[in-house]
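Enquirer: Starting off with a structure, shown below.
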Amino acid sequence: MRTASARLRIVSLFSAALVAAVLVAGCGGSSDQTLSVGSGETITVSGDVHGFYGELQAILDQFPYQRWYVACVVREAKKILGPKEAEELEELPEAEREAKAQKAAAEAEPACEKNARPTIDPNASHAEIELLRVSTIPGITEFAETNGMSSTQVACVQNFFRKLPDAKVIELRNGTDKVREGILVSVFKPCAQLK
């Protein structure tokens, strides 16, 4: 298996949240917008929240992120997508909105993680951790596929990840590189041995 970057970015949840914010921003209307995330988990943006940045913050607030991290991500997103560009997102076709959101996520997240502060609240509820877990599965899946795992092996990785204790999911984001690597090895190694 190829190694990931020093911060093991395969758990890039922010990217999914930012994409969701862009899609909600493009929906318009004044009623609440609910998005499905993973299997059975949802995030809702109140109809009172307007604009890309407000919607982004409303979405990130539903995840178990530390307050400083949410503020940092929104601040970085404002640098990447200025007010005019954020407003223009609403008019773009879905594929283009998603592409711009992913690009912004790839640029915003590292700036907020470079100080090595924990990004996830260690006292988060099980529901918040479950939202984080299901939102992370696409990144875990992509990592497994990129490393040449078969469909059986990928399904095994997904299943292992779904069963990780909440504390391990938190440590996958908050832990040192060594801790993260240990958790990922415990998920990937048994599955890599399957045929």
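Residues in the structure tokens are named by chain (A, B, ... in the order shown) and by number from 1 within that chain; ligands are numbered from 1 in the order shown.
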Residues at most 10 Å from Glu88 (chain A), counting only C-alpha atoms, excluding those fewer than 5 positions away in the same chain, as a short mmCIF file (atom, residue, chain, number, x, y, z; two decimals) with C-alpha atoms, in the first residue's frame?
Expert:
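Result went into selection_20.cif, see below:
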data_model
loop_
_atom_site.label_atom_id
_atom_site.label_comp_id
_atom_site.auth_asym_id
_atom_site.auth_seq_id
_atom_site.Cartn_x
_atom_site.Cartn_y
_atom_site.Cartn_z
CA GLY A 26 -27.29 26.28 -5.08
CA PHE A 52 -22.36 30.20 1.08
CA LEU A 81 -13.78 31.93 -2.58
CA GLY A 82 -14.30 35.67 -2.29
CA PRO A 83 -17.80 37.07 -1.72
CA ARG A 97 -20.03 23.87 -8.15
#
Enquirer: Taking the chain letters and numbering used in this document, name the residues of region 56-195 of chain A that DSSP puts in helix (DSSP H, G or I), as a ChimeraX atom specification.
Expert: /A:56-60,67-80,83-89,94-113,126-146,151-162,166-174,177-192
Enquirer: Can you pull out the residues contacting Cys156 (chain A)? Cut-off 12 Å, using only C-alpha atoms, and skip same-chain residues under 6 positions away; I want them as a list in words.
Expert: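 Once the nearby chain positions are removed, what remains is Ile137, Ile140, Thr141, Ala144, Glu145, Met149, Ser150, Arg162, Lys163, Ser186, Val187, Phe188, Lys189, Pro190, Cys191, Ala192, Gln193, Leu194 and Lys195 of chain A.
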Enquirer: Looking at only C-alpha atoms, which of A:Ala58, A:Leu172, A:Ala95, A:Leu164 is the one that sits closest to Thr119 (chain A)?
Expert: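 Ranked by minimum distance to Thr119 (chain A), first place goes to A:Leu172.
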Enquirer: Mind dumping a table of every region 69-136 of chain A residue within 9 Å of region 34-49 of chain A, with the nearest atom pair and its distance in Å to one decimal, using only C-alpha atoms, sorted by chain and rising number, as a Markdown table?
Expert:
| residue | atom | partner | partner_atom | distance |
| --- | --- | --- | --- | --- |
| A:Ala127 | CA | A:Glu41 | CA | 8.7 |
| A:Glu130 | CA | A:Glu41 | CA | 7.8 |
| A:Leu131 | CA | A:Glu41 | CA | 6.1 |
| A:Arg133 | CA | A:Gly38 | CA | 8.7 |
| A:Val134 | CA | A:Gly38 | CA | 5.0 |
| A:Ser135 | CA | A:Gly38 | CA | 6.1 |
| A:Thr136 | CA | A:Gly38 | CA | 8.9 |
Enquirer: Store the residues picked out above, limited to all heavy atoms, as a PDB file, in the first residue's frame.
Expert:
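File produced: out06.pdb:
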ATOM      1  N   ALA A 127     -23.722  10.521  18.092  1.00  0.00           N
ATOM      2  CA  ALA A 127     -24.370  10.936  16.846  1.00  0.00           C
ATOM      3  C   ALA A 127     -23.424  11.806  16.001  1.00  0.00           C
ATOM      4  O   ALA A 127     -23.362  11.655  14.776  1.00  0.00           O
ATOM      5  CB  ALA A 127     -25.664  11.687  17.137  1.00  0.00           C
ATOM      6  N   GLU A 130     -20.775   9.560  14.608  1.00  0.00           N
ATOM      7  CA  GLU A 130     -21.334   8.740  13.526  1.00  0.00           C
ATOM      8  C   GLU A 130     -21.425   9.541  12.227  1.00  0.00           C
ATOM      9  O   GLU A 130     -21.146   9.026  11.146  1.00  0.00           O
ATOM     10  CB  GLU A 130     -22.709   8.190  13.928  1.00  0.00           C
ATOM     11  CG  GLU A 130     -23.220   7.110  13.015  1.00  0.00           C
ATOM     12  CD  GLU A 130     -22.293   5.905  12.872  1.00  0.00           C
ATOM     13  OE1 GLU A 130     -21.502   5.593  13.787  1.00  0.00           O
ATOM     14  OE2 GLU A 130     -22.343   5.262  11.804  1.00  0.00           O
ATOM     15  N   LEU A 131     -21.797  10.803  12.323  1.00  0.00           N
ATOM     16  CA  LEU A 131     -21.833  11.668  11.146  1.00  0.00           C
ATOM     17  C   LEU A 131     -20.431  11.806  10.554  1.00  0.00           C
ATOM     18  O   LEU A 131     -20.251  11.720   9.331  1.00  0.00           O
ATOM     19  CB  LEU A 131     -22.406  13.038  11.521  1.00  0.00           C
ATOM     20  CG  LEU A 131     -22.597  14.041  10.400  1.00  0.00           C
ATOM     21  CD1 LEU A 131     -23.504  13.496   9.306  1.00  0.00           C
ATOM     22  CD2 LEU A 131     -23.160  15.343  10.954  1.00  0.00           C
ATOM     23  N   ARG A 133     -17.997   9.626  10.920  1.00  0.00           N
ATOM     24  CA  ARG A 133     -17.615   8.304  10.409  1.00  0.00           C
ATOM     25  C   ARG A 133     -18.191   8.074   9.002  1.00  0.00           C
ATOM     26  O   ARG A 133     -17.459   7.738   8.085  1.00  0.00           O
ATOM     27  CB  ARG A 133     -18.108   7.219  11.358  1.00  0.00           C
ATOM     28  CG  ARG A 133     -17.744   5.798  10.958  1.00  0.00           C
ATOM     29  CD  ARG A 133     -18.468   4.723  11.778  1.00  0.00           C
ATOM     30  NE  ARG A 133     -18.765   5.085  13.130  1.00  0.00           N
ATOM     31  CZ  ARG A 133     -17.955   4.916  14.181  1.00  0.00           C
ATOM     32  NH1 ARG A 133     -16.768   4.374  13.996  1.00  0.00           N
ATOM     33  NH2 ARG A 133     -18.335   5.270  15.385  1.00  0.00           N
ATOM     34  N   VAL A 134     -19.504   8.264   8.843  1.00  0.00           N
ATOM     35  CA  VAL A 134     -20.109   7.981   7.542  1.00  0.00           C
ATOM     36  C   VAL A 134     -19.639   8.961   6.483  1.00  0.00           C
ATOM     37  O   VAL A 134     -19.585   8.608   5.303  1.00  0.00           O
ATOM     38  CB  VAL A 134     -21.660   7.919   7.602  1.00  0.00           C
ATOM     39  CG1 VAL A 134     -22.127   6.829   8.548  1.00  0.00           C
ATOM     40  CG2 VAL A 134     -22.276   9.244   7.944  1.00  0.00           C
ATOM     41  N   SER A 135     -19.273  10.150   6.883  1.00  0.00           N
ATOM     42  CA  SER A 135     -18.776  11.131   5.924  1.00  0.00           C
ATOM     43  C   SER A 135     -17.344  10.836   5.499  1.00  0.00           C
ATOM     44  O   SER A 135     -16.889  11.318   4.463  1.00  0.00           O
ATOM     45  CB  SER A 135     -18.831  12.532   6.533  1.00  0.00           C
ATOM     46  OG  SER A 135     -20.151  12.872   6.838  1.00  0.00           O
ATOM     47  N   THR A 136     -16.640  10.058   6.297  1.00  0.00           N
ATOM     48  CA  THR A 136     -15.254   9.727   6.018  1.00  0.00           C
ATOM     49  C   THR A 136     -15.122   8.484   5.151  1.00  0.00           C
ATOM     50  O   THR A 136     -14.118   8.306   4.459  1.00  0.00           O
ATOM     51  CB  THR A 136     -14.485   9.536   7.345  1.00  0.00           C
ATOM     52  OG1 THR A 136     -14.630  10.718   8.123  1.00  0.00           O
ATOM     53  CG2 THR A 136     -13.012   9.285   7.124  1.00  0.00           C
TER      54      THR A 136
END
Enquirer: May I have the residues within 9 Å of Asp121 (chain A) as an NGL selection string, using only C-alpha atoms and disregarding those fewer than 3 positions away in the same chain?
Expert: :A and (64-67 or 118 or 124 or 170 or 174)
Enquirer: Would you write out those residues with N, CA, C and O atoms, as a PDB file, in the first residue's frame?
Expert:
ATOM      1  N   PRO A  64     -18.501  17.077  14.720  1.00  0.00           N
ATOM      2  CA  PRO A  64     -17.847  17.244  16.027  1.00  0.00           C
ATOM      3  C   PRO A  64     -16.558  18.059  15.992  1.00  0.00           C
ATOM      4  O   PRO A  64     -15.621  17.797  16.740  1.00  0.00           O
ATOM      5  N   TYR A  65     -16.505  19.060  15.131  1.00  0.00           N
ATOM      6  CA  TYR A  65     -15.315  19.895  15.043  1.00  0.00           C
ATOM      7  C   TYR A  65     -15.216  20.852  16.225  1.00  0.00           C
ATOM      8  O   TYR A  65     -16.232  21.327  16.731  1.00  0.00           O
ATOM      9  N   GLN A  66     -13.990  21.153  16.605  1.00  0.00           N
ATOM     10  CA  GLN A  66     -13.738  22.187  17.603  1.00  0.00           C
ATOM     11  C   GLN A  66     -14.163  23.526  16.997  1.00  0.00           C
ATOM     12  O   GLN A  66     -14.043  23.743  15.799  1.00  0.00           O
ATOM     13  N   ARG A  67     -14.623  24.441  17.841  1.00  0.00           N
ATOM     14  CA  ARG A  67     -15.094  25.756  17.358  1.00  0.00           C
ATOM     15  C   ARG A  67     -13.991  26.513  16.608  1.00  0.00           C
ATOM     16  O   ARG A  67     -14.245  27.148  15.597  1.00  0.00           O
ATOM     17  N   PRO A 118      -5.907  19.582  17.988  1.00  0.00           N
ATOM     18  CA  PRO A 118      -6.996  18.638  17.716  1.00  0.00           C
ATOM     19  C   PRO A 118      -8.160  19.349  17.020  1.00  0.00           C
ATOM     20  O   PRO A 118      -8.607  20.398  17.467  1.00  0.00           O
ATOM     21  N   ALA A 124     -17.380  14.766  21.946  1.00  0.00           N
ATOM     22  CA  ALA A 124     -18.490  14.769  20.998  1.00  0.00           C
ATOM     23  C   ALA A 124     -19.446  13.610  21.280  1.00  0.00           C
ATOM     24  O   ALA A 124     -19.042  12.559  21.790  1.00  0.00           O
ATOM     25  N   ILE A 170     -12.120   9.505  16.496  1.00  0.00           N
ATOM     26  CA  ILE A 170     -11.606  10.798  16.965  1.00  0.00           C
ATOM     27  C   ILE A 170     -10.090  10.843  16.826  1.00  0.00           C
ATOM     28  O   ILE A 170      -9.530  11.817  16.316  1.00  0.00           O
ATOM     29  N   ASN A 174      -7.414  13.438  15.393  1.00  0.00           N
ATOM     30  CA  ASN A 174      -6.680  14.211  16.397  1.00  0.00           C
ATOM     31  C   ASN A 174      -5.317  13.643  16.753  1.00  0.00           C
ATOM     32  O   ASN A 174      -4.496  14.352  17.322  1.00  0.00           O
TER      33      ASN A 174
END
Enquirer: Just asking: which residues within region 17-194 of chain A are strand (DSSP E or B) according to DSSP, as a PyMOL selection string?
Expert: chain A and resi 33-37+41-45+65+120
Enquirer: Any idea what's packed within 9 Å of Tyr53 (chain A), counting only C-alpha atoms, ignoring anything in its chain fewer than 5 positions away? Could you give it as a ChimeraX atom specification?
Expert: /A:21,58,74-75,77-78,83,86
Enquirer: So that I have them on file, write out the residues from the current selection with N, CA and C atoms, as an mmCIF file, in the first residue's frame.
Expert:
data_model
loop_
_atom_site.group_PDB
_atom_site.id
_atom_site.type_symbol
_atom_site.label_atom_id
_atom_site.label_comp_id
_atom_site.auth_asym_id
_atom_site.auth_seq_id
_atom_site.Cartn_x
_atom_site.Cartn_y
_atom_site.Cartn_z
ATOM 1 N N ALA A 21 -22.166 22.103 1.327
ATOM 2 C CA ALA A 21 -22.524 23.514 1.487
ATOM 3 C C ALA A 21 -22.755 24.165 0.135
ATOM 4 N N ALA A 58 -22.981 26.504 9.147
ATOM 5 C CA ALA A 58 -24.104 25.741 9.692
ATOM 6 C C ALA A 58 -23.881 24.237 9.509
ATOM 7 N N VAL A 74 -13.946 28.423 7.778
ATOM 8 C CA VAL A 74 -14.773 29.457 7.143
ATOM 9 C C VAL A 74 -13.896 30.640 6.720
ATOM 10 N N ARG A 75 -12.971 31.036 7.588
ATOM 11 C CA ARG A 75 -12.053 32.143 7.265
ATOM 12 C C ARG A 75 -11.219 31.803 6.025
ATOM 13 N N ALA A 77 -11.972 29.589 3.692
ATOM 14 C CA ALA A 77 -12.874 29.499 2.539
ATOM 15 C C ALA A 77 -13.154 30.888 1.973
ATOM 16 N N LYS A 78 -13.243 31.899 2.849
ATOM 17 C CA LYS A 78 -13.467 33.274 2.400
ATOM 18 C C LYS A 78 -12.267 33.789 1.606
ATOM 19 N N PRO A 83 -16.348 36.888 -1.777
ATOM 20 C CA PRO A 83 -17.804 37.073 -1.722
ATOM 21 C C PRO A 83 -18.483 36.982 -3.092
ATOM 22 N N ALA A 86 -18.305 33.337 -4.278
ATOM 23 C CA ALA A 86 -19.225 32.515 -3.478
ATOM 24 C C ALA A 86 -20.667 32.731 -3.931
#
